[in-house]
file final_20.cif (mmCIF, C-alpha atoms and all ligand atoms)
data_target
#
loop_
_atom_site.label_atom_id
_atom_site.label_comp_id
_atom_site.auth_asym_id
_atom_site.auth_seq_id
_atom_site.Cartn_x
_atom_site.Cartn_y
_atom_site.Cartn_z
CA LYS A 1 -4.09 6.18 -23.03
CA ARG A 2 -2.10 3.91 -20.77
CA LEU A 3 -1.50 4.28 -17.03
CA ILE A 4 1.10 1.92 -15.55
CA LEU A 5 0.46 0.48 -12.07
CA ALA A 6 4.05 0.39 -10.78
CA THR A 7 3.70 -2.46 -8.29
CA ARG A 8 4.31 -6.21 -8.26
CA ASN A 9 2.27 -6.83 -5.08
CA ALA A 10 -0.82 -8.86 -6.09
CA GLY A 11 -2.90 -7.61 -3.15
CA LYS A 12 -2.25 -3.99 -4.07
CA ILE A 13 -2.97 -4.60 -7.77
CA THR A 14 -6.41 -6.05 -6.98
CA GLU A 15 -7.27 -3.11 -4.73
CA LEU A 16 -5.94 -0.48 -7.14
CA HIS A 17 -7.98 -1.88 -10.04
CA ALA A 18 -11.15 -1.63 -7.93
CA ILE A 19 -10.39 1.83 -6.52
CA LEU A 20 -9.44 3.31 -9.91
CA ALA A 21 -12.37 1.60 -11.70
CA ASP A 22 -14.78 3.16 -9.18
CA ALA A 23 -13.26 6.55 -10.03
CA GLY A 24 -14.22 6.04 -13.68
CA LEU A 25 -10.83 6.94 -15.18
CA ASP A 26 -10.88 6.53 -18.96
CA LEU A 27 -7.41 4.98 -19.03
CA ASP A 28 -5.99 1.58 -19.88
CA LEU A 29 -4.56 0.30 -16.56
CA VAL A 30 -1.49 -1.87 -17.19
CA GLY A 31 0.37 -3.71 -14.42
CA ALA A 32 4.16 -3.60 -14.10
CA ASP A 33 4.13 -7.35 -14.82
CA ALA A 34 3.49 -6.42 -18.48
CA TYR A 35 7.09 -5.14 -18.44
CA PRO A 36 9.03 -8.09 -16.93
CA ASP A 37 12.38 -6.83 -18.21
CA ILE A 38 12.33 -3.69 -16.07
CA PRO A 39 14.47 -4.41 -13.01
CA ASP A 40 13.06 -4.01 -9.49
CA VAL A 41 13.50 -0.51 -8.09
CA LYS A 42 15.74 -0.13 -5.04
CA GLU A 43 13.58 1.45 -2.32
CA THR A 44 16.28 3.72 -0.91
CA GLY A 45 13.94 6.44 0.37
CA VAL A 46 13.35 7.03 4.06
CA THR A 47 9.65 7.90 3.74
CA PHE A 48 6.64 6.28 2.07
CA ALA A 49 6.40 9.30 -0.26
CA GLU A 50 10.03 9.06 -1.38
CA ASN A 51 9.74 5.35 -2.13
CA ALA A 52 6.43 5.74 -3.98
CA LEU A 53 8.02 8.45 -6.17
CA LEU A 54 11.10 6.28 -6.86
CA LYS A 55 8.86 3.45 -8.09
CA ALA A 56 6.60 5.69 -10.18
CA HIS A 57 9.53 7.50 -11.85
CA ALA A 58 11.35 4.26 -12.67
CA LEU A 59 8.33 2.81 -14.49
CA ALA A 60 7.38 6.07 -16.23
CA ARG A 61 10.94 6.51 -17.48
CA ALA A 62 11.32 2.90 -18.61
CA THR A 63 7.92 2.57 -20.32
CA GLY A 64 7.36 6.08 -21.66
CA HIS A 65 3.89 6.09 -20.05
CA PRO A 66 2.54 7.83 -16.93
CA ALA A 67 2.85 5.58 -13.88
CA VAL A 68 1.30 5.44 -10.43
CA ALA A 69 2.96 3.70 -7.50
CA ASP A 70 2.02 2.79 -3.94
CA ASP A 71 4.37 2.61 -0.99
CA SER A 72 2.65 1.54 2.17
CA GLY A 73 3.05 -0.16 5.49
CA LEU A 74 1.96 -0.71 9.06
CA CYS A 75 3.15 1.72 11.74
CA VAL A 76 2.89 0.59 15.37
CA ASP A 77 2.68 3.14 18.22
CA VAL A 78 4.72 1.20 20.81
CA LEU A 79 7.38 0.43 18.19
CA GLY A 80 7.83 4.12 17.37
CA GLY A 81 6.20 3.73 13.95
CA ALA A 82 7.95 0.49 12.91
CA PRO A 83 7.78 -1.61 10.76
CA GLY A 84 6.77 1.44 8.62
CA ILE A 85 8.64 1.48 5.31
CA PHE A 86 10.15 -1.90 6.24
CA SER A 87 6.75 -3.64 6.52
CA ALA A 88 7.23 -5.86 3.45
CA ARG A 89 10.53 -7.28 4.75
CA TRP A 90 10.12 -7.10 8.54
CA SER A 91 11.02 -10.79 9.00
CA GLY A 92 13.94 -10.57 6.57
CA THR A 93 12.18 -12.13 3.56
CA HIS A 94 10.60 -9.58 1.24
CA GLY A 95 6.91 -10.25 0.73
CA ASP A 96 6.54 -13.14 3.22
CA ASP A 97 3.29 -11.77 4.69
CA GLU A 98 2.81 -14.63 7.16
CA ALA A 99 6.34 -14.46 8.58
CA ASN A 100 6.15 -10.66 8.83
CA LEU A 101 2.81 -10.78 10.68
CA ASN A 102 3.95 -13.54 13.05
CA LEU A 103 7.17 -11.73 13.94
CA LEU A 104 5.24 -8.55 14.70
CA LEU A 105 2.76 -10.41 16.93
CA ALA A 106 5.69 -12.04 18.78
CA GLN A 107 7.32 -8.64 19.30
CA LEU A 108 4.12 -7.21 20.78
CA GLY A 109 3.60 -10.27 23.00
CA ASP A 110 0.76 -9.83 25.48
CA ILE A 111 0.77 -6.01 25.56
CA ASP A 112 -2.88 -5.21 26.23
CA THR A 113 -5.31 -3.70 23.72
CA PRO A 114 -5.21 -0.03 24.84
CA HIS A 115 -1.48 -0.05 24.05
CA ARG A 116 -1.80 -1.79 20.66
CA GLY A 117 -2.58 1.30 18.55
CA ALA A 118 -1.31 1.23 14.95
CA TRP A 119 -2.02 2.69 11.55
CA PHE A 120 -1.71 1.74 7.92
CA ALA A 121 -0.06 4.42 5.77
CA CYS A 122 -0.05 4.73 2.00
CA ALA A 123 1.71 7.17 -0.31
CA ALA A 124 0.27 7.27 -3.83
CA ALA A 125 2.60 8.77 -6.43
CA LEU A 126 2.11 9.79 -10.05
CA ALA A 127 5.08 10.32 -12.37
CA LEU A 128 5.10 11.33 -16.03
CA PRO A 129 7.88 10.41 -18.47
CA ASP A 130 8.93 14.10 -18.54
CA GLY A 131 9.69 14.01 -14.81
CA THR A 132 6.50 15.69 -13.53
CA GLU A 133 5.56 14.21 -10.15
CA ARG A 134 2.81 14.35 -7.53
CA VAL A 135 2.35 12.43 -4.29
CA VAL A 136 -0.50 12.23 -1.76
CA GLU A 137 -0.94 10.19 1.42
CA GLY A 138 -3.70 8.32 3.21
CA ARG A 139 -3.94 6.71 6.63
CA LEU A 140 -6.15 4.20 8.46
CA ASN A 141 -5.99 4.16 12.28
CA GLY A 142 -6.74 1.07 14.32
CA THR A 143 -5.73 -1.45 16.97
CA LEU A 144 -3.73 -4.65 16.63
CA ARG A 145 -5.42 -7.90 17.63
CA HIS A 146 -3.60 -10.60 19.63
CA THR A 147 -4.44 -13.26 17.02
CA PRO A 148 -5.12 -13.06 13.27
CA SER A 149 -8.69 -13.23 12.00
CA GLY A 150 -10.20 -13.17 8.49
CA THR A 151 -9.16 -14.30 5.03
CA HIS A 152 -9.61 -11.28 2.76
CA GLY A 153 -6.94 -8.75 1.81
CA PHE A 154 -3.21 -9.34 2.34
CA GLY A 155 -0.27 -8.49 4.56
CA TYR A 156 -1.18 -7.38 8.07
CA ASP A 157 -4.94 -7.18 7.35
CA PRO A 158 -5.82 -10.11 9.69
CA ILE A 159 -4.49 -8.23 12.76
CA LEU A 160 -5.52 -4.59 12.13
CA GLN A 161 -8.95 -3.66 13.47
CA PRO A 162 -9.84 -0.21 12.15
CA GLU A 163 -11.21 2.34 14.62
CA ASP A 164 -15.04 2.31 14.69
CA GLU A 165 -14.99 -1.34 13.52
CA THR A 166 -15.48 -4.66 15.32
CA ARG A 167 -13.87 -6.65 12.48
CA THR A 168 -10.31 -6.83 11.20
CA CYS A 169 -9.44 -5.54 7.72
CA ALA A 170 -9.31 -9.18 6.60
CA GLU A 171 -12.93 -9.65 7.74
CA LEU A 172 -14.18 -6.66 5.75
CA THR A 173 -15.30 -7.20 2.17
CA PRO A 174 -12.85 -5.77 -0.39
CA ALA A 175 -15.30 -2.89 -1.07
CA GLU A 176 -15.67 -2.13 2.65
CA LYS A 177 -11.89 -2.06 3.07
CA ASN A 178 -11.33 0.17 0.03
CA ALA A 179 -13.95 2.63 1.31
CA ILE A 180 -11.96 3.36 4.51
CA SER A 181 -8.41 2.24 3.78
CA HIS A 182 -5.17 4.22 3.57
CA ARG A 183 -4.90 3.07 -0.07
CA GLY A 184 -8.47 4.04 -0.92
CA LYS A 185 -8.00 7.50 0.60
CA ALA A 186 -4.62 8.12 -1.06
CA PHE A 187 -5.66 6.99 -4.54
CA ARG A 188 -9.04 8.73 -4.45
CA ALA A 189 -7.09 11.92 -3.66
CA LEU A 190 -4.72 11.20 -6.57
CA VAL A 191 -7.52 10.69 -9.14
CA PRO A 192 -8.22 14.40 -9.83
CA VAL A 193 -4.48 14.91 -10.28
CA VAL A 194 -4.34 12.03 -12.78
CA ARG A 195 -7.34 13.53 -14.62
CA GLU A 196 -5.60 16.90 -14.82
CA LEU A 197 -2.13 15.70 -15.85
CA VAL A 198 -2.86 12.53 -17.85
CA GLY A 199 -6.42 12.73 -19.08
P1 LIG B 1 5.67 -3.01 -4.57
O1 LIG B 1 6.88 -2.27 -4.06
O2 LIG B 1 5.96 -3.78 -5.82
O3 LIG B 1 4.48 -2.13 -4.69
P2 LIG B 1 5.74 -4.28 -1.94
O4 LIG B 1 4.95 -5.39 -1.34
O5 LIG B 1 7.23 -4.38 -1.88
O6 LIG B 1 5.25 -4.14 -3.48
P3 LIG B 1 5.75 -2.02 -0.09
O7 LIG B 1 7.23 -1.92 -0.06
O8 LIG B 1 4.94 -0.77 -0.18
O9 LIG B 1 5.26 -2.91 -1.34
O10 LIG B 1 5.31 -2.86 1.18
C1 LIG B 1 4.02 -2.80 1.68
C2 LIG B 1 3.85 -3.81 2.80
O11 LIG B 1 3.06 -3.21 3.83
C3 LIG B 1 3.07 -5.03 2.31
O12 LIG B 1 3.95 -6.09 1.99
C4 LIG B 1 2.17 -5.36 3.50
O13 LIG B 1 2.86 -6.23 4.35
C5 LIG B 1 1.99 -4.03 4.21
N1 LIG B 1 0.71 -3.43 3.76
C6 LIG B 1 0.56 -2.34 2.96
N2 LIG B 1 -0.74 -2.10 2.73
C7 LIG B 1 -1.43 -3.05 3.39
C8 LIG B 1 -2.79 -3.35 3.50
O14 LIG B 1 -3.72 -2.65 2.85
N3 LIG B 1 -3.13 -4.39 4.24
C9 LIG B 1 -2.22 -5.13 4.88
N4 LIG B 1 -0.90 -4.94 4.80
C10 LIG B 1 -0.50 -3.89 4.06
#

call {"tool": "encode", "arguments": {"input": "final_20.cif", "output": "structure tokens"}}
result
Amino acid sequence: KRLILATRNAGKITELHAILADAGLDLDLVGADAYPDIPDVKETGVTFAENALLKAHALARATGHPAVADDSGLCVDVLGGAPGIFSARWSGTHGDDEANLNLLLAQLGDIDTPHRGAWFACAAALALPDGTERVVEGRLNGTLRHTPSGTHGFGYDPILQPEDETRTCAELTPAEKNAISHRGKAFRALVPVVRELVG
């Protein structure tokens, strides 16, 4: 049986393969890139959960297979939770991780560490072709560094230092990040639901 990973973000795809492989799902995981003719979904929701469901439904409907989707982002305390659902296009160019990160650092300026609290959020959605849907969320709390550090991961990983850690997410190994991350938590919570509804 096939399970579609409804994302075109390479960093997410790598992490989802590892997280779902660890869960031992007996499913054929197929990326959305196997369906290049399906147009990009407009993320018109106002929450991570709404956008994750929009993406999962679009791929499930178009492919006739169950689909899981991830909507995620970085929420900064002093910015009232921004960039949030706009994390991928904070600088204006969708998916330009470096520009997004640099703009955020410029906006925070020299605000000192106790005031640089932030969290990664992830909504993991499952949709079936018949319209059945489920969504769960995960979160990773931390602090934003003043300068980027580390080469692993993607997006804002080089500036987010998880609580109880001395390293940034980009300095953790992929397995260490998945063990504590918003995405790891959300998708590990979704696995029993996938087992029940898909197989
Ligand atoms: P899809 O919609 O195709 O899944 P996307 O990149 O557009 O890909 P989102 O709208 O969910 O996905 O944007 C998520 C953004 O949030 C992503 O571009 C990163 O900048 C940031 N982000 C999410 N999870 C992250 C993580 O684990 N580490 C670092 N940054 C992350």

call {"tool": "closest_atom_pairs", "arguments": {"input": "final_20.cif", "of": "stretch 51-133 of chain A", "to": "stretch 20-27 of chain A", "cutoff": "12 Å", "atoms": "only C-alpha atoms", "output": "Markdown table"}}
result
| residue | atom | partner | partner_atom | distance |
| --- | --- | --- | --- | --- |
| A:His65 | CA | A:Leu27 | CA | 11.4 |
| A:Pro66 | CA | A:Leu27 | CA | 10.6 |
| A:Ala67 | CA | A:Leu27 | CA | 11.5 |
| A:Val68 | CA | A:Leu20 | CA | 11.0 |

call {"tool": "write_last_selection", "arguments": {"input": "final_20.cif", "atoms": "C-alpha atoms", "output": "PDB file, in the frame of the given file"}}
result
ATOM      1  CA  HIS A  65       3.890   6.090 -20.050  1.00  0.00           C
ATOM      2  CA  PRO A  66       2.540   7.830 -16.930  1.00  0.00           C
ATOM      3  CA  ALA A  67       2.850   5.580 -13.880  1.00  0.00           C
ATOM      4  CA  VAL A  68       1.300   5.440 -10.430  1.00  0.00           C
TER       5      VAL A  68
END

call {"tool": "atom_distance", "arguments": {"input": "final_20.cif", "atom1": "atom C9 of ligand LIG 1 (chain B)", "atom2": "atom CA of A:Ala60"}}
result
25.8 Å

call {"tool": "closest_residue", "arguments": {"input": "final_20.cif", "among": "A:Leu79, A:Ala106, A:Ala99, A:Leu172", "to": "A:His146", "atoms": "all atoms listed in the file"}}
result
A:Ala106

call {"tool": "closest_residue", "arguments": {"input": "final_20.cif", "among": "A:Ala52, A:Ala58, A:Leu144, A:Ala175", "to": "ligand LIG 1 (chain B)", "atoms": "all atoms listed in the file"}}
result
A:Ala52

call {"tool": "closest_residue", "arguments": {"input": "final_20.cif", "among": "A:Ile159, A:Ile19, A:Leu128, A:Leu29", "to": "ligand LIG 1 (chain B)", "atoms": "all atoms listed in the file"}}
result
A:Ile159

call {"tool": "residues_around", "arguments": {"input": "final_20.cif", "residues": "A:Ala118", "least_positions_apart": "4", "cutoff": "10 Å", "atoms": "only C-alpha atoms", "output": "VMD selection string"}}
result
chain A and resid 74 to 82 140 to 144 160 to 163

call {"tool": "closest_atom_pairs", "arguments": {"input": "final_20.cif", "of": "chain A", "to": "ligand LIG 1 (chain B)", "cutoff": "6 Å", "atoms": "all atoms listed in the file", "output": "CSV"}}
result
residue,atom,partner,partner_atom,distance
A:Thr7,CA,B:LIG1,O2,3.6
A:Arg8,CA,B:LIG1,O2,3.8
A:Asn9,CA,B:LIG1,O6,4.3
A:Asp70,CA,B:LIG1,O3,5.6
A:Asp71,CA,B:LIG1,O8,3.5
A:Ser72,CA,B:LIG1,O8,4.0
A:Gly73,CA,B:LIG1,O11,3.5
A:Leu74,CA,B:LIG1,C5,5.9
A:Ser87,CA,B:LIG1,O11,4.6
A:Ala88,CA,B:LIG1,O12,3.6
A:Gly95,CA,B:LIG1,O12,5.3
A:Asp97,CA,B:LIG1,O13,5.6
A:Phe154,CA,B:LIG1,C9,5.0
A:Gly155,CA,B:LIG1,N4,3.6
A:Tyr156,CA,B:LIG1,C9,4.0
A:Asp157,CA,B:LIG1,C9,4.2

call {"tool": "closest_residue", "arguments": {"input": "final_20.cif", "among": "A:Gly153, A:Pro158, A:Gly138, A:Pro192", "to": "A:Leu101", "atoms": "all atoms listed in the file"}}
result
A:Pro158

call {"tool": "axis_aligned_box", "arguments": {"input": "final_20.cif", "around": "stretch 28-38 of chain A", "padding_each_side": "8 Å", "output": "JSON"}}
result
{"center_x": 3.2, "center_y": -3.3, "center_z": -17.0, "size_x": 34.4, "size_y": 25.7, "size_z": 21.8}

call {"tool": "atom_distance", "arguments": {"input": "final_20.cif", "atom1": "atom CA of A:Ala69", "atom2": "atom CA of A:Ala127"}}
result
8.5 Å
